[in-house]
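Peer 1: Attaching a single structure in structure tokens format; questions to follow.
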Amino acid sequence: MSGQTSSHKRRVLARAVLIALLALGAAGLGLWLGELSVPAVPPPEVVPPPPGTPRTQTPPDAEFVIDPDAPPLYFYADPNRGGEWLIVEAEIGMAAKAGVHRCVVAVNMPWADDADLDDLLEPVTRVVAANPKAVLLLKVNLNPPEEWLRAHMDEVARIGGQTRRYCTPASPVWLDAARLALDRLITAVDREPLRGRVLGYVLCALQDGAWQRPGWDESPASREGFRAWLRGQYVHDDALREAWGDAQASMESAMIPAPLDTADTRAVFFHLPEEAEHVDFLRYTSESTADAIAALCVHVKAASPRPVKVFAPYGYTYETARNDAGHLGLGLIIASDLDGFVAPVSYTNRGLGGAGSVMGPVTSALFHGKEWLVVDDTRTGVGRDPETGVIARMKGLRGEDVFHVQQRNFAAALIMGLGLVWADPEGKGWLHDEEQWKEFARMYATYADTLGGEREINTEAPAELENPIMGRPPFSHARGLAVVVDEMSRFHQRCDETLNDMLLHQTVDAAVRSGMPTRFCLLQDVLDDRIAPAPVYLFLNAFFLSDGDRQRLHEILEREQAAAIWMYAPGYINERTDAANITATTRMTVKQFDGATKGGSYFSLPGPWVHENEPFGQLHEWSPLFFMDDPKVDILARYIESGKASLGIKFLDEGWASVYVAEPTLTPPVLREVLRILEQPLYFREGAYGFFDSALGGRGLLAIHAQESGERVIDLGRYYDVQDLFDARIGWPQKRSFVINLNIGETRLLQLTPIPIPEAEEFDVTEEGETPQDDSPEVEE
């Protein structure tokens, strides 16, 4: 059994998890452009019903039925975070008018036996009063109140010498109290007028309610949890002593290791076995978090009188740069009965013209039958003026720019088969705008049409491969670039934020701008053959590979005649750290620099996407850092300082290609040039149109979000009737290639309907929106 497989299958988790950290705005500086575009409107006239009056018009004896085929599109607002209920109720009405009846509602937990349940459920009944058709996804905060924390100090997380306002996930005392509170809540909602309309629960806890830890938890409960984890992992002290290289180590007396400097790029990996206790503690941090979520999910489903879904905000594998944050247990939860995950649009580059990528490996989630809800909490600039009381958009912010960002986020969710939550996180009126809801209504109809069409076509999809939202095998239509991340390798990193920002944030951004269909998956799912074959695999951080894992990857690459792009230190860690392991992984001769060495490279060849001598990488000193010394490798880039090879490609006799990038990052131009050399078809034509827009394709759709203004040539590789789903006036009938003119941040969602035109025929390049005539200008392919 491979090292990856055994490490993930060592534990059996029961049910699982998901939801919505639905807060924080952030549209980026690119959103703050232009003129006021939404006219001022008077304050909403919605008023709450008087106390004691019925909250809904649904008769008590009428069983509310949730439509299981409704698009997974939601509205969320939490006026308890400083907003106004009158505004939120008006937004709920606008959402209902647009067809959006699914609402995420934040409710307080009844921690005490004598809790006033009617008061706790006031937000829910107000939502139902504002929209009698509302379907509810209840967002519950599992962080106990102050008085509970003061009475249970040993269970409270202690990080950096300071107690936090939440508990250690491994605390059985906290878990038992949370179960009791959930029991009270579940009993309370199973009555009129709420009975039958609760779709499920979003379980939130720890920092920001997103199951995140801002450092090493040194509380007594965490220490006892760590010892219990060691007992489950090693069973006997002899095994622990061998793993840690410490003859005195004991599971009963083990202490939480002191945190080390995680910012030093001259000490990227932990030294084994001397620092193995740090590797184990990082792994325990994530796995105990995953265990807590799974345990609470099991309880919710068992306690609920009718089937419900359970979500948790988890799986920020690409987003969370700290390796001690607890978000690296996705591979455990994903193998259980959980229903799904909730995560915002990536905060790293989400503004106008940004990639707006996902936070985690959504493809893996879908292939395991889970849902993934993306929270679009774009800062819209709409809100109540505190002086005049009028709701309007702030001056200097153009509504169309906001719409383009929202369109990008919707298009990504639609193409990847994800759900979407339109959020006004603090209930301050960000979505109190009829024009926005007109746009959302069109998006809702587009999603419903796509959903309905695919359900008709894919009624025979194998159940084990179905997308839980689409009812079809996801991504079978678009093989593209598989972006692969490994959770286990991150436990071996001593340097986290600096390296992860480059490997995960910057390189994932480059992948979204590569011009290929893109998928996001866990390394374990690649090893287990759960992911559909891909022509190119981008291995972001496959540092920890057993001999069996390496052999398995080579077998997959040979079978699929695919290409592997290996980043930084692939396979470097096995039983020991050695550059020879990288040689074995990449099939190139790779050597390690002596001591800390400065990174930063230049591309040594001219190409249509990257200039000769164009720099990439960062001038940090790294240890370890590697270079290629192999005459059979085609060298594409060299280190600026030493001139040694930092990027190369080797076409192997077995039929697969190996690309090694010794720098811990890639830029969009370099990645696109590598894909061109690998002869991969791209959506963007080579030439003078050097734009690096974010582009996602699949399911007969192509979404483009422009990074800058200008014309670019789209090449689809075959003939299609092309229709813009955001603007019915724009289309290109019978085209393989066409020119599209976009302004910065503009979003297009194109529906591609294939037509039977022989591939050998000439194709023409048509200006945007122009209907071709028989005498249309043609361009030779």
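Each chain of the structure tokens is named A, B, ... in the order shown, its residues numbered from 1; ligands are numbered from 1 in display order.
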What's the 9 Å shell around Asp261 in chain A, counting only C-alpha atoms, without same-chain residues fewer than 6 positions away, as an MDAnalysis selection string?

Peer 2: chainID A and resid 267 494:495

Peer 1: Taking 2 positions as the minimum chain separation for residues in the same chain, which residues sit within 6 Å of range 514-528 of chain A when counting only C-alpha atoms? Answer as a PDB file with N, CA, C and O atoms, in the first residue's frame.

Peer 2:
ATOM      1  N   PRO A 361      -9.403  21.900  -3.579  1.00  0.00           N
ATOM      2  CA  PRO A 361      -9.491  20.937  -4.685  1.00  0.00           C
ATOM      3  C   PRO A 361     -10.923  20.488  -4.933  1.00  0.00           C
ATOM      4  O   PRO A 361     -11.346  19.402  -4.531  1.00  0.00           O
ATOM      5  N   VAL A 362     -11.682  21.316  -5.627  1.00  0.00           N
ATOM      6  CA  VAL A 362     -13.117  21.085  -5.815  1.00  0.00           C
ATOM      7  C   VAL A 362     -13.393  19.846  -6.670  1.00  0.00           C
ATOM      8  O   VAL A 362     -14.409  19.174  -6.495  1.00  0.00           O
ATOM      9  N   THR A 363     -12.502  19.544  -7.594  1.00  0.00           N
ATOM     10  CA  THR A 363     -12.723  18.369  -8.448  1.00  0.00           C
ATOM     11  C   THR A 363     -12.727  17.100  -7.614  1.00  0.00           C
ATOM     12  O   THR A 363     -13.554  16.205  -7.810  1.00  0.00           O
ATOM     13  N   SER A 364     -11.805  17.006  -6.660  1.00  0.00           N
ATOM     14  CA  SER A 364     -11.782  15.847  -5.769  1.00  0.00           C
ATOM     15  C   SER A 364     -13.074  15.767  -4.972  1.00  0.00           C
ATOM     16  O   SER A 364     -13.648  14.677  -4.801  1.00  0.00           O
ATOM     17  N   GLY A 480      -8.112  18.709 -19.889  1.00  0.00           N
ATOM     18  CA  GLY A 480      -7.348  19.868 -19.480  1.00  0.00           C
ATOM     19  C   GLY A 480      -6.206  19.624 -18.517  1.00  0.00           C
ATOM     20  O   GLY A 480      -5.602  18.568 -18.464  1.00  0.00           O
ATOM     21  N   LEU A 481      -5.919  20.675 -17.736  1.00  0.00           N
ATOM     22  CA  LEU A 481      -4.798  20.718 -16.808  1.00  0.00           C
ATOM     23  C   LEU A 481      -5.278  20.332 -15.417  1.00  0.00           C
ATOM     24  O   LEU A 481      -6.169  20.981 -14.860  1.00  0.00           O
ATOM     25  N   ALA A 482      -4.683  19.275 -14.841  1.00  0.00           N
ATOM     26  CA  ALA A 482      -5.026  18.861 -13.481  1.00  0.00           C
ATOM     27  C   ALA A 482      -4.029  19.485 -12.517  1.00  0.00           C
ATOM     28  O   ALA A 482      -2.824  19.200 -12.583  1.00  0.00           O
ATOM     29  N   VAL A 483      -4.525  20.351 -11.637  1.00  0.00           N
ATOM     30  CA  VAL A 483      -3.683  21.026 -10.643  1.00  0.00           C
ATOM     31  C   VAL A 483      -3.755  20.211  -9.357  1.00  0.00           C
ATOM     32  O   VAL A 483      -4.806  20.129  -8.723  1.00  0.00           O
ATOM     33  N   VAL A 484      -2.630  19.593  -8.996  1.00  0.00           N
ATOM     34  CA  VAL A 484      -2.617  18.565  -7.946  1.00  0.00           C
ATOM     35  C   VAL A 484      -1.904  19.096  -6.706  1.00  0.00           C
ATOM     36  O   VAL A 484      -0.765  19.574  -6.788  1.00  0.00           O
ATOM     37  N   VAL A 485      -2.562  18.995  -5.564  1.00  0.00           N
ATOM     38  CA  VAL A 485      -1.992  19.437  -4.299  1.00  0.00           C
ATOM     39  C   VAL A 485      -1.942  18.251  -3.341  1.00  0.00           C
ATOM     40  O   VAL A 485      -2.794  17.360  -3.387  1.00  0.00           O
ATOM     41  N   ASP A 486      -0.925  18.233  -2.467  1.00  0.00           N
ATOM     42  CA  ASP A 486      -0.779  17.141  -1.509  1.00  0.00           C
ATOM     43  C   ASP A 486      -0.799  17.689  -0.086  1.00  0.00           C
ATOM     44  O   ASP A 486      -0.024  18.580   0.259  1.00  0.00           O
ATOM     45  N   ALA A 510      -1.630  31.139 -12.027  1.00  0.00           N
ATOM     46  CA  ALA A 510      -1.089  30.915 -13.376  1.00  0.00           C
ATOM     47  C   ALA A 510      -1.865  29.818 -14.095  1.00  0.00           C
ATOM     48  O   ALA A 510      -2.109  29.907 -15.301  1.00  0.00           O
ATOM     49  N   ALA A 511      -2.282  28.782 -13.359  1.00  0.00           N
ATOM     50  CA  ALA A 511      -3.030  27.689 -13.985  1.00  0.00           C
ATOM     51  C   ALA A 511      -4.369  28.169 -14.517  1.00  0.00           C
ATOM     52  O   ALA A 511      -4.790  27.790 -15.618  1.00  0.00           O
ATOM     53  N   VAL A 512      -5.062  29.020 -13.744  1.00  0.00           N
ATOM     54  CA  VAL A 512      -6.353  29.539 -14.192  1.00  0.00           C
ATOM     55  C   VAL A 512      -6.174  30.423 -15.424  1.00  0.00           C
ATOM     56  O   VAL A 512      -7.074  30.540 -16.258  1.00  0.00           O
ATOM     57  N   ARG A 530      -9.019   8.077  -9.034  1.00  0.00           N
ATOM     58  CA  ARG A 530     -10.360   8.624  -8.904  1.00  0.00           C
ATOM     59  C   ARG A 530     -10.604   9.785  -9.877  1.00  0.00           C
ATOM     60  O   ARG A 530     -11.742  10.134 -10.140  1.00  0.00           O
ATOM     61  N   ILE A 531      -9.544  10.381 -10.347  1.00  0.00           N
ATOM     62  CA  ILE A 531      -9.664  11.545 -11.220  1.00  0.00           C
ATOM     63  C   ILE A 531      -9.584  11.098 -12.674  1.00  0.00           C
ATOM     64  O   ILE A 531      -8.751  10.268 -13.035  1.00  0.00           O
ATOM     65  N   ARG A 672       2.182  28.986 -19.843  1.00  0.00           N
ATOM     66  CA  ARG A 672       1.547  28.876 -21.151  1.00  0.00           C
ATOM     67  C   ARG A 672       2.571  28.472 -22.214  1.00  0.00           C
ATOM     68  O   ARG A 672       2.258  27.700 -23.132  1.00  0.00           O
ATOM     69  N   LEU A 682      -4.706  25.443 -26.668  1.00  0.00           N
ATOM     70  CA  LEU A 682      -5.076  26.531 -25.770  1.00  0.00           C
ATOM     71  C   LEU A 682      -6.242  27.309 -26.364  1.00  0.00           C
ATOM     72  O   LEU A 682      -6.425  27.349 -27.580  1.00  0.00           O
ATOM     73  N   TYR A 683      -7.016  27.944 -25.501  1.00  0.00           N
ATOM     74  CA  TYR A 683      -8.139  28.752 -25.975  1.00  0.00           C
ATOM     75  C   TYR A 683      -7.673  30.007 -26.705  1.00  0.00           C
ATOM     76  O   TYR A 683      -8.411  30.563 -27.511  1.00  0.00           O
ATOM     77  N   ALA A 695      -9.492  31.897 -17.640  1.00  0.00           N
ATOM     78  CA  ALA A 695     -10.392  31.200 -18.561  1.00  0.00           C
ATOM     79  C   ALA A 695     -10.695  29.821 -17.993  1.00  0.00           C
ATOM     80  O   ALA A 695      -9.797  29.094 -17.574  1.00  0.00           O
ATOM     81  N   LEU A 696     -11.970  29.489 -17.967  1.00  0.00           N
ATOM     82  CA  LEU A 696     -12.409  28.170 -17.535  1.00  0.00           C
ATOM     83  C   LEU A 696     -13.314  27.597 -18.612  1.00  0.00           C
ATOM     84  O   LEU A 696     -14.171  28.306 -19.149  1.00  0.00           O
ATOM     85  N   GLY A 697     -13.118  26.323 -18.927  1.00  0.00           N
ATOM     86  CA  GLY A 697     -13.923  25.710 -19.964  1.00  0.00           C
ATOM     87  C   GLY A 697     -14.421  24.347 -19.561  1.00  0.00           C
ATOM     88  O   GLY A 697     -13.783  23.652 -18.768  1.00  0.00           O
TER      89      GLY A 697
END

Peer 1: For range 302-305 of chain A, work out the shell of residues within 12 Å, counting only C-alpha atoms and skipping chain neighbours fewer than 4 positions away, then give it as a list of chain:residue names.

Peer 2: A:Ala14, A:Arg15, A:Arg179, A:Leu180, A:Ala181, A:Leu182, A:Asp183, A:Arg184, A:Leu185, A:Ile186, A:Thr187, A:Ala188, A:Val189, A:Asp190, A:Arg191, A:Arg195, A:Gly196, A:Val198, A:Leu199, A:Gly200, A:Tyr201, A:Ala295, A:Leu296, A:Cys297, A:Val298, A:Lys309, A:Val310

Peer 1: Which neighbours of Pro313 in chain A fall inside 12 Å, counting only C-alpha atoms, when residues of the same chain fewer than 5 positions from it are skipped, and could you give them as a PyMOL selection string?

Peer 2: chain A and resi 16-23+139-141+201-212+289-290+293+326-327+330+339-344+359-360+371-375

Peer 1: Those same residues, written as a tab-separated table (two decimals), in the first residue's frame with N, CA and C atoms?

Peer 2:
chain	number	residue	atom	x	y	z
A	16	ALA	N	-19.81	13.62	7.38
A	16	ALA	CA	-19.01	14.81	7.17
A	16	ALA	C	-19.78	16.03	6.81
A	17	VAL	N	-19.20	16.99	6.24
A	17	VAL	CA	-19.16	18.34	6.60
A	17	VAL	C	-19.35	19.42	5.58
A	18	LEU	N	-19.92	20.60	6.11
A	18	LEU	CA	-19.68	21.70	5.22
A	18	LEU	C	-20.32	23.03	5.46
A	19	ILE	N	-19.63	24.11	5.14
A	19	ILE	CA	-20.18	25.45	4.95
A	19	ILE	C	-19.33	26.66	5.03
A	20	ALA	N	-20.23	27.58	5.36
A	20	ALA	CA	-20.00	28.87	4.88
A	20	ALA	C	-19.41	29.82	5.85
A	21	LEU	N	-18.17	30.08	5.63
A	21	LEU	CA	-17.56	31.26	6.22
A	21	LEU	C	-18.02	32.32	5.25
A	22	LEU	N	-19.08	32.98	5.60
A	22	LEU	CA	-19.71	33.83	4.60
A	22	LEU	C	-19.37	35.29	4.86
A	23	ALA	N	-18.14	35.57	5.21
A	23	ALA	CA	-17.96	36.96	5.51
A	23	ALA	C	-16.72	37.50	4.88
A	139	LYS	N	-26.85	28.27	9.55
A	139	LYS	CA	-25.44	28.46	9.88
A	139	LYS	C	-25.31	28.59	11.39
A	140	VAL	N	-24.70	27.60	12.03
A	140	VAL	CA	-24.65	27.57	13.49
A	140	VAL	C	-23.22	27.77	13.97
A	141	ASN	N	-23.07	28.61	14.98
A	141	ASN	CA	-21.77	28.92	15.56
A	141	ASN	C	-21.56	28.02	16.78
A	201	TYR	N	-27.54	22.06	7.74
A	201	TYR	CA	-26.82	22.87	8.72
A	201	TYR	C	-25.40	23.14	8.23
A	202	VAL	N	-24.94	24.34	8.53
A	202	VAL	CA	-23.55	24.71	8.29
A	202	VAL	C	-22.90	24.82	9.66
A	203	LEU	N	-21.94	23.94	9.93
A	203	LEU	CA	-21.30	23.89	11.24
A	203	LEU	C	-20.05	24.75	11.24
A	204	CYS	N	-20.04	25.77	12.09
A	204	CYS	CA	-18.94	26.73	12.13
A	204	CYS	C	-18.30	26.74	13.52
A	205	ALA	N	-16.99	26.89	13.57
A	205	ALA	CA	-16.28	26.96	14.85
A	205	ALA	C	-14.87	27.49	14.62
A	206	LEU	N	-14.18	27.73	15.71
A	206	LEU	CA	-12.81	28.24	15.74
A	206	LEU	C	-12.74	29.65	15.15
A	207	GLN	N	-11.57	30.05	14.68
A	207	GLN	CA	-11.37	31.44	14.25
A	207	GLN	C	-12.27	31.79	13.07
A	208	ASP	N	-12.99	32.88	13.20
A	208	ASP	CA	-13.90	33.37	12.16
A	208	ASP	C	-14.97	32.34	11.79
A	209	GLY	N	-15.16	31.33	12.64
A	209	GLY	CA	-16.14	30.30	12.33
A	209	GLY	C	-15.74	29.38	11.21
A	210	ALA	N	-14.49	29.45	10.78
A	210	ALA	CA	-14.05	28.72	9.58
A	210	ALA	C	-13.12	27.56	9.91
A	211	TRP	N	-13.17	27.05	11.15
A	211	TRP	CA	-12.36	25.91	11.55
A	211	TRP	C	-10.87	26.15	11.33
A	212	GLN	N	-10.45	27.39	11.49
A	212	GLN	CA	-9.05	27.73	11.31
A	212	GLN	C	-8.39	28.02	12.65
A	289	THR	N	-8.99	18.33	13.78
A	289	THR	CA	-10.03	19.25	13.30
A	289	THR	C	-11.02	18.51	12.41
A	290	ALA	N	-10.50	17.71	11.50
A	290	ALA	CA	-11.37	16.93	10.62
A	290	ALA	C	-12.21	15.94	11.42
A	293	ILE	N	-15.19	17.78	13.10
A	293	ILE	CA	-16.25	18.11	12.15
A	293	ILE	C	-17.05	16.85	11.82
A	326	GLY	N	-4.95	23.85	10.39
A	326	GLY	CA	-5.90	22.77	10.59
A	326	GLY	C	-6.74	22.41	9.38
A	327	HIS	N	-6.44	22.98	8.22
A	327	HIS	CA	-7.28	22.75	7.03
A	327	HIS	C	-6.70	21.72	6.07
A	330	LEU	N	-8.69	17.39	4.52
A	330	LEU	CA	-9.75	17.20	3.52
A	330	LEU	C	-9.80	15.77	3.02
A	339	ASP	N	-21.65	15.90	3.31
A	339	ASP	CA	-22.43	16.39	2.17
A	339	ASP	C	-21.71	17.45	1.37
A	340	GLY	N	-20.88	18.26	2.00
A	340	GLY	CA	-20.21	19.26	1.19
A	340	GLY	C	-19.41	20.27	1.98
A	341	PHE	N	-18.83	21.19	1.24
A	341	PHE	CA	-17.95	22.22	1.78
A	341	PHE	C	-18.45	23.59	1.34
A	342	VAL	N	-18.09	24.59	2.12
A	342	VAL	CA	-18.42	25.97	1.76
A	342	VAL	C	-17.15	26.80	1.87
A	343	ALA	N	-16.87	27.59	0.88
A	343	ALA	CA	-15.67	28.42	0.89
A	343	ALA	C	-15.89	29.65	0.02
A	344	PRO	N	-15.39	30.81	0.44
A	344	PRO	CA	-15.48	32.00	-0.40
A	344	PRO	C	-14.63	31.88	-1.66
A	359	MET	N	-10.78	27.97	-3.48
A	359	MET	CA	-9.88	27.84	-2.34
A	359	MET	C	-9.33	26.43	-2.15
A	360	GLY	N	-9.97	25.46	-2.76
A	360	GLY	CA	-9.56	24.09	-2.52
A	360	GLY	C	-9.76	23.19	-3.71
A	371	GLU	N	-20.73	18.19	-2.38
A	371	GLU	CA	-21.05	19.50	-2.94
A	371	GLU	C	-19.99	20.50	-2.49
A	372	TRP	N	-19.88	21.57	-3.26
A	372	TRP	CA	-18.97	22.67	-2.90
A	372	TRP	C	-19.72	23.96	-3.20
A	373	LEU	N	-19.98	24.73	-2.16
A	373	LEU	CA	-20.66	26.01	-2.31
A	373	LEU	C	-19.64	27.14	-2.25
A	374	VAL	N	-19.62	27.95	-3.28
A	374	VAL	CA	-18.72	29.11	-3.34
A	374	VAL	C	-19.48	30.33	-2.82
A	375	VAL	N	-18.89	31.04	-1.88
A	375	VAL	CA	-19.51	32.23	-1.33
A	375	VAL	C	-18.99	33.46	-2.09

Peer 1: Using DSSP on the backbone coordinates, identify all residues within range 203-400 of chain A classified as strand (DSSP E); present the result as a ChimeraX atom specification.

Peer 2: /A:203-204,309-312,340-344,371-376,382-384,391-393

Peer 1: For Gly82 in chain A, find every residue with an atom within 10 Å (counting only C-alpha atoms), except residues of its own chain fewer than 2 positions away, and show them as a ChimeraX atom specification.

Peer 2: /A:78-80,84-85,425-428

Peer 1: Could the residues in this selection be saved with N, CA and C atoms as a PDB file, in the first residue's frame?

Peer 2:
ATOM      1  N   ASP A  78     -26.329  38.399   7.330  1.00  0.00           N
ATOM      2  CA  ASP A  78     -26.393  38.272   8.780  1.00  0.00           C
ATOM      3  C   ASP A  78     -26.469  39.661   9.405  1.00  0.00           C
ATOM      4  N   PRO A  79     -27.682  40.176   9.618  1.00  0.00           N
ATOM      5  CA  PRO A  79     -27.812  41.526  10.181  1.00  0.00           C
ATOM      6  C   PRO A  79     -27.331  41.613  11.622  1.00  0.00           C
ATOM      7  N   ASN A  80     -27.124  40.480  12.279  1.00  0.00           N
ATOM      8  CA  ASN A  80     -26.635  40.504  13.656  1.00  0.00           C
ATOM      9  C   ASN A  80     -25.180  40.925  13.750  1.00  0.00           C
ATOM     10  N   GLU A  84     -28.959  45.668   9.387  1.00  0.00           N
ATOM     11  CA  GLU A  84     -30.335  46.007   9.711  1.00  0.00           C
ATOM     12  C   GLU A  84     -31.274  44.958   9.132  1.00  0.00           C
ATOM     13  N   TRP A  85     -32.206  44.506   9.952  1.00  0.00           N
ATOM     14  CA  TRP A  85     -33.157  43.506   9.497  1.00  0.00           C
ATOM     15  C   TRP A  85     -34.062  44.041   8.392  1.00  0.00           C
ATOM     16  N   PRO A 425     -22.581  39.868   3.811  1.00  0.00           N
ATOM     17  CA  PRO A 425     -22.149  39.203   5.046  1.00  0.00           C
ATOM     18  C   PRO A 425     -22.618  39.870   6.336  1.00  0.00           C
ATOM     19  N   GLU A 426     -22.681  41.188   6.333  1.00  0.00           N
ATOM     20  CA  GLU A 426     -23.043  41.896   7.552  1.00  0.00           C
ATOM     21  C   GLU A 426     -24.436  42.506   7.500  1.00  0.00           C
ATOM     22  N   GLY A 427     -25.196  42.170   6.486  1.00  0.00           N
ATOM     23  CA  GLY A 427     -26.560  42.663   6.391  1.00  0.00           C
ATOM     24  C   GLY A 427     -26.657  44.173   6.270  1.00  0.00           C
ATOM     25  N   LYS A 428     -25.729  44.770   5.541  1.00  0.00           N
ATOM     26  CA  LYS A 428     -25.685  46.229   5.418  1.00  0.00           C
ATOM     27  C   LYS A 428     -26.172  46.729   4.066  1.00  0.00           C
TER      28      LYS A 428
END

Peer 1: What are the closest atom pairs, with distances in Å to one decimal, for each residue of range 106-207 of chain A lying within 10 Å of range 225-235 of chain A, using only C-alpha atoms, rows by chain and rising residue number, as CSV?

Peer 2:
residue,atom,partner,partner_atom,distance
A:Thr168,CA,A:Gly225,CA,8.8
A:Pro169,CA,A:Gly225,CA,8.8
A:Ala170,CA,A:Gly225,CA,5.4
A:Ser171,CA,A:Gly225,CA,7.2
A:Pro172,CA,A:Gly225,CA,9.1

Peer 1: Take the residues just selected and output them with all heavy atoms as a CSV table (one decimal), in the first residue's frame.

Peer 2:
chain,number,residue,atom,x,y,z
A,168,THR,N,-10.5,23.8,21.9
A,168,THR,CA,-9.7,22.8,21.1
A,168,THR,C,-10.6,21.8,20.5
A,168,THR,O,-11.4,21.2,21.1
A,168,THR,CB,-8.7,22.1,22.1
A,168,THR,OG1,-7.8,23.1,22.6
A,168,THR,CG2,-7.9,21.1,21.3
A,169,PRO,N,-10.5,21.6,19.2
A,169,PRO,CA,-11.4,20.6,18.5
A,169,PRO,C,-11.3,19.2,19.1
A,169,PRO,O,-12.2,18.4,19.0
A,169,PRO,CB,-10.9,20.6,17.0
A,169,PRO,CG,-10.3,21.9,16.9
A,169,PRO,CD,-9.6,22.3,18.2
A,170,ALA,N,-10.1,18.8,19.7
A,170,ALA,CA,-10.0,17.5,20.3
A,170,ALA,C,-10.6,17.4,21.6
A,170,ALA,O,-10.6,16.3,22.2
A,170,ALA,CB,-8.5,17.2,20.4
A,171,SER,N,-11.2,18.5,22.2
A,171,SER,CA,-11.8,18.4,23.5
A,171,SER,C,-13.1,17.6,23.5
A,171,SER,O,-14.1,18.1,23.0
A,171,SER,CB,-12.0,19.8,24.0
A,171,SER,OG,-12.9,19.8,25.1
A,172,PRO,N,-13.1,16.5,24.2
A,172,PRO,CA,-14.4,15.7,24.3
A,172,PRO,C,-15.5,16.5,25.2
A,172,PRO,O,-16.7,16.3,24.9
A,172,PRO,CB,-14.0,14.4,25.0
A,172,PRO,CG,-12.7,14.7,25.7
A,172,PRO,CD,-12.0,15.8,24.9

Peer 1: Could you check the closest approach to Arg513 in chain A for each of A:Trp732, A:Tyr537, A:Tyr347, A:Phe691 and tell me which residue wins, using only C-alpha atoms?

Peer 2: A:Phe691

Peer 1: Within 10 Å of range 674-676 of chain A, counting only C-alpha atoms, which residues qualify if same-chain residues fewer than 5 places away don't, as a list in words?

Peer 2: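 Those residues are Leu481, Ser514, Gly515, Met516, Val536, Ala563, Ile565, Gly607, Pro608, Trp609, Val610, Leu636, Leu647, Gly648, Ile649, Val659, Pro668, Pro669, Pro681, Leu682 and Glu686 of chain A.
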
Peer 1: For the residues in the current selection, export C-alpha atoms as a PDB file, in the first residue's frame.

Peer 2:
ATOM      1  CA  LEU A 481      -4.798  20.718 -16.808  1.00  0.00           C
ATOM      2  CA  SER A 514      -3.082  29.042 -18.692  1.00  0.00           C
ATOM      3  CA  GLY A 515      -5.732  28.937 -21.425  1.00  0.00           C
ATOM      4  CA  MET A 516      -6.590  25.275 -20.757  1.00  0.00           C
ATOM      5  CA  VAL A 536      -1.073  17.426 -18.209  1.00  0.00           C
ATOM      6  CA  ALA A 563       2.939  15.189 -19.215  1.00  0.00           C
ATOM      7  CA  ILE A 565       5.014  19.403 -14.494  1.00  0.00           C
ATOM      8  CA  GLY A 607       8.500  32.163 -27.647  1.00  0.00           C
ATOM      9  CA  PRO A 608       5.075  33.549 -28.513  1.00  0.00           C
ATOM     10  CA  TRP A 609       4.060  33.767 -24.833  1.00  0.00           C
ATOM     11  CA  VAL A 610       7.314  34.624 -23.070  1.00  0.00           C
ATOM     12  CA  LEU A 636      14.200  26.245 -20.927  1.00  0.00           C
ATOM     13  CA  LEU A 647      13.513  24.538 -15.871  1.00  0.00           C
ATOM     14  CA  GLY A 648      13.778  21.679 -18.327  1.00  0.00           C
ATOM     15  CA  ILE A 649      11.765  19.135 -20.265  1.00  0.00           C
ATOM     16  CA  VAL A 659       8.885  18.948 -16.974  1.00  0.00           C
ATOM     17  CA  PRO A 668       1.268  32.653 -16.529  1.00  0.00           C
ATOM     18  CA  PRO A 669       3.596  33.375 -19.501  1.00  0.00           C
ATOM     19  CA  PRO A 681      -4.384  23.174 -27.375  1.00  0.00           C
ATOM     20  CA  LEU A 682      -5.076  26.531 -25.770  1.00  0.00           C
ATOM     21  CA  GLU A 686      -0.502  32.649 -30.411  1.00  0.00           C
TER      22      GLU A 686
END

Peer 1: Enumerate, as a ChimeraX atom specification, the complete set of residues in range 84-194 of chain A that a backbone-based DSSP assignment places in helix (DSSP H, G or I).

Peer 2: /A:85-97,117-120,122-130,146-151,153-155,172-189

Peer 1: Can you work out the spacing between CA of Ala412 in chain A and CA of Val88 in chain A in Å, to one decimal?

Peer 2: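 It comes out at 26.4 Å.
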
Peer 1: When you draw a straight line from CA of Ala580 in chain A to CA of Glu560 in chain A, how long is it in Å?

Peer 2: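 That distance, rounded to one decimal, is 25.4 Å.
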